[in-house]
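Undergrad: One structure follows; several queries about it will come next.
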Amino acid sequence: MSEKLDIHQFLKNIFRDKLDDLDIKIYELLRDNGRLSDTELAEKLGISITTARRRRMELQKKGYLQILGLLYFGPINIAYADVVVKINLQVPVQSVIDFIKECTETPCIYEVTEYMGNYLLLRFYESDLEKLNYRIHRFLHERDVVEDYSIHIATWTPKAWNKTLWFKFDENKNGK
């Protein structure tokens with residue numbers, strides 16, 4: 001049986017010497033509700049509005065905290081896939097850099113993650129699976145920088161960005 005981790009303690013251990021307890025609490029509150037005002041943050045933390053604002057802004061200035069809006073594709077029936085790309089190490093480094101830049105500028109790719117070794121994770125999305133498949137193959141096929149790739153179609157996201165997602169299921173449609 002796995003041990004249940006306390007998320008706050010886990011974050012304190014991970015961010016030790018980088019973020020203090022107040023920074024972690026600010027992050028946790030904004031992770032759960034990015035629309036909280038500095039006044040609401042201050043109230044929930046028992047600190048002054050000035051301190052809440054200053055600490056939040058410092059986290060943002062350092063690049064540790066970004067407040068984003070996320071669109072969950074599942075409830076709106078958007079097809080998305082993780083594509084693991086094996087980079088060809090025989091091509092010039094500049095070709096790899098140019099390819100990664102192109103990936104970050106391509107609208108149908110919403111995330112690019114570089115892994116140690118010679119792998120990238122590209123997250124594609126499209127209106128349906130047929131178009132998604134076509135777009136992925138068209139983008140990656142016959143590129144010197146791509147040695148190989150595998151497509152992993154996403155079917156459900158029960159947790160994203162450390163937030164458990166709840167969806168309204170049509171029992172007849174989803175069999176749940």
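Residues in the structure tokens are numbered from 1 in each chain, the chains being A, B, ... in the order shown, and ligands are numbered from 1 in the order shown.
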Among region 4-99 of chain A, which ones does DSSP place in helix (DSSP H, G or I), written as a short mmCIF file (atom, residue, chain, number, x, y, z; two decimals) with C-alpha atoms, in the first residue's frame?
TA:
```cif
data_model
loop_
_atom_site.label_atom_id
_atom_site.label_comp_id
_atom_site.auth_asym_id
_atom_site.auth_seq_id
_atom_site.Cartn_x
_atom_site.Cartn_y
_atom_site.Cartn_z
CA ILE A 7 1.03 18.01 -0.52
CA HIS A 8 2.17 20.99 1.55
CA GLN A 9 4.95 19.00 3.23
CA PHE A 10 5.93 17.52 -0.12
CA LEU A 11 6.24 21.01 -1.63
CA LYS A 12 8.25 22.24 1.36
CA ASN A 13 10.70 19.37 0.89
CA ILE A 14 10.98 19.89 -2.86
CA ASP A 21 6.32 28.42 3.80
CA LEU A 22 4.44 31.61 2.84
CA ASP A 23 5.54 31.37 -0.81
CA ILE A 24 4.30 27.77 -0.91
CA LYS A 25 0.96 28.73 0.63
CA ILE A 26 0.56 31.53 -1.95
CA TYR A 27 1.31 29.05 -4.72
CA GLU A 28 -1.17 26.50 -3.32
CA LEU A 29 -3.96 29.05 -3.07
CA LEU A 30 -3.36 30.38 -6.57
CA ARG A 31 -3.02 26.86 -7.98
CA ASP A 32 -6.50 26.11 -6.67
CA ASP A 38 -4.30 40.05 -3.31
CA THR A 39 -6.97 41.02 -0.77
CA GLU A 40 -8.38 37.47 -0.77
CA LEU A 41 -4.87 36.00 -0.54
CA ALA A 42 -4.12 38.23 2.45
CA GLU A 43 -7.35 37.22 4.18
CA LYS A 44 -6.75 33.50 3.66
CA LEU A 45 -3.13 33.75 4.83
CA ILE A 49 -2.59 42.99 1.54
CA THR A 50 0.74 44.73 0.93
CA THR A 51 2.67 41.63 2.01
CA ALA A 52 0.48 39.34 -0.10
CA ARG A 53 0.91 41.57 -3.17
CA ARG A 54 4.67 41.99 -2.65
CA ARG A 55 5.27 38.26 -2.17
CA ARG A 56 3.09 37.27 -5.15
CA MET A 57 4.77 39.83 -7.39
CA GLU A 58 8.22 38.67 -6.28
CA LEU A 59 7.35 35.06 -7.17
CA GLN A 60 6.17 36.25 -10.59
CA LYS A 61 9.21 38.50 -11.11
CA GLY A 74 -11.93 16.34 -22.54
CA PRO A 75 -15.24 18.02 -21.68
CA ILE A 76 -15.33 19.83 -25.04
CA VAL A 93 22.68 21.17 -33.12
CA GLN A 94 21.28 24.27 -34.83
CA SER A 95 18.80 22.06 -36.71
CA VAL A 96 17.51 20.72 -33.39
CA ILE A 97 17.28 24.25 -31.95
CA ASP A 98 15.39 25.43 -35.04
CA PHE A 99 13.03 22.44 -34.84
#
```
Undergrad: Rounded to one decimal in Å, what is the spacing between CA of Pro158 (chain A) and CA of Gln66 (chain A)?
TA: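 Between these atoms lies a distance of 22.3 Å.
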Undergrad: Considering only C-alpha atoms, can you say which of A:Tyr80, A:Tyr64, A:Ile136, A:Pro92 comes closest to Lys18 (chain A)?
TA: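 Distance minimum relative to Lys18 (chain A) lands on A:Tyr64.
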Undergrad: Tyr119 (chain A): which residues within 9 Å, counting only C-alpha atoms, same-chain residues fewer than 5 positions away excluded, as a count of residues only?
TA: 6
Undergrad: Hey, which of A:Val112, A:Cys103, A:Ala81, A:Leu140 ends up closest to His152 (chain A)? Count only C-alpha atoms.
TA: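 Of A:Val112, A:Cys103, A:Ala81, A:Leu140, the one nearest His152 (chain A) is A:Ala81, counting only C-alpha atoms.
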Undergrad: From the DSSP assignment of the backbone, select every residue of region 70-111 of chain A that is strand (DSSP E), and format the answer as a VMD selection string.
TA: chain A and resid 79 to 87 109 to 111
Undergrad: The selected residues should be written to file as a short mmCIF file (atom, residue, chain, number, x, y, z; two decimals), in the first residue's frame (atoms: N, CA and C atoms).
TA:
```
data_model
loop_
_atom_site.label_atom_id
_atom_site.label_comp_id
_atom_site.auth_asym_id
_atom_site.auth_seq_id
_atom_site.Cartn_x
_atom_site.Cartn_y
_atom_site.Cartn_z
N ALA A 79 -9.64 16.37 -29.55
CA ALA A 79 -8.67 15.27 -29.59
C ALA A 79 -7.27 15.81 -29.29
N TYR A 80 -6.56 15.10 -28.42
CA TYR A 80 -5.19 15.52 -28.13
C TYR A 80 -4.32 14.31 -27.89
N ALA A 81 -3.02 14.49 -28.12
CA ALA A 81 -2.10 13.37 -28.02
C ALA A 81 -0.73 13.85 -27.58
N ASP A 82 -0.06 12.96 -26.85
CA ASP A 82 1.34 13.16 -26.51
C ASP A 82 2.14 12.43 -27.58
N VAL A 83 3.09 13.13 -28.16
CA VAL A 83 3.94 12.54 -29.18
C VAL A 83 5.37 12.58 -28.67
N VAL A 84 5.95 11.40 -28.48
CA VAL A 84 7.34 11.30 -28.03
C VAL A 84 8.21 11.24 -29.28
N VAL A 85 9.07 12.23 -29.41
CA VAL A 85 9.92 12.36 -30.59
C VAL A 85 11.36 12.03 -30.21
N LYS A 86 11.94 11.10 -30.93
CA LYS A 86 13.36 10.78 -30.75
C LYS A 86 14.14 11.65 -31.73
N ILE A 87 15.03 12.47 -31.20
CA ILE A 87 15.81 13.39 -32.02
C ILE A 87 17.00 12.65 -32.64
N ILE A 109 0.43 22.70 -31.45
CA ILE A 109 1.25 22.10 -30.39
C ILE A 109 1.14 23.02 -29.19
N TYR A 110 0.58 22.50 -28.09
CA TYR A 110 0.37 23.35 -26.93
C TYR A 110 1.39 23.14 -25.83
N GLU A 111 2.25 22.16 -25.97
CA GLU A 111 3.33 21.99 -25.01
C GLU A 111 4.51 21.31 -25.67
#
```
Undergrad: Counting only C-alpha atoms, which of A:Val146, A:Leu120, A:Ile67, A:Leu129 gets nearest to Ser37 (chain A)?
TA: A:Ile67
Undergrad: Choose the residue, out of A:Arg138, A:Tyr125, A:Gln90, A:Leu36, that has the smallest atom-to-atom separation from Asn77 (chain A); count only C-alpha atoms.
TA: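 Looking at the shortest contact to Asn77 (chain A), the residue is A:Tyr125.
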Undergrad: Taking only C-alpha atoms into account, which of A:Trp156, A:Phe139, A:Phe15, A:Leu5 comes nearest Phe73 (chain A)?
TA: A:Trp156
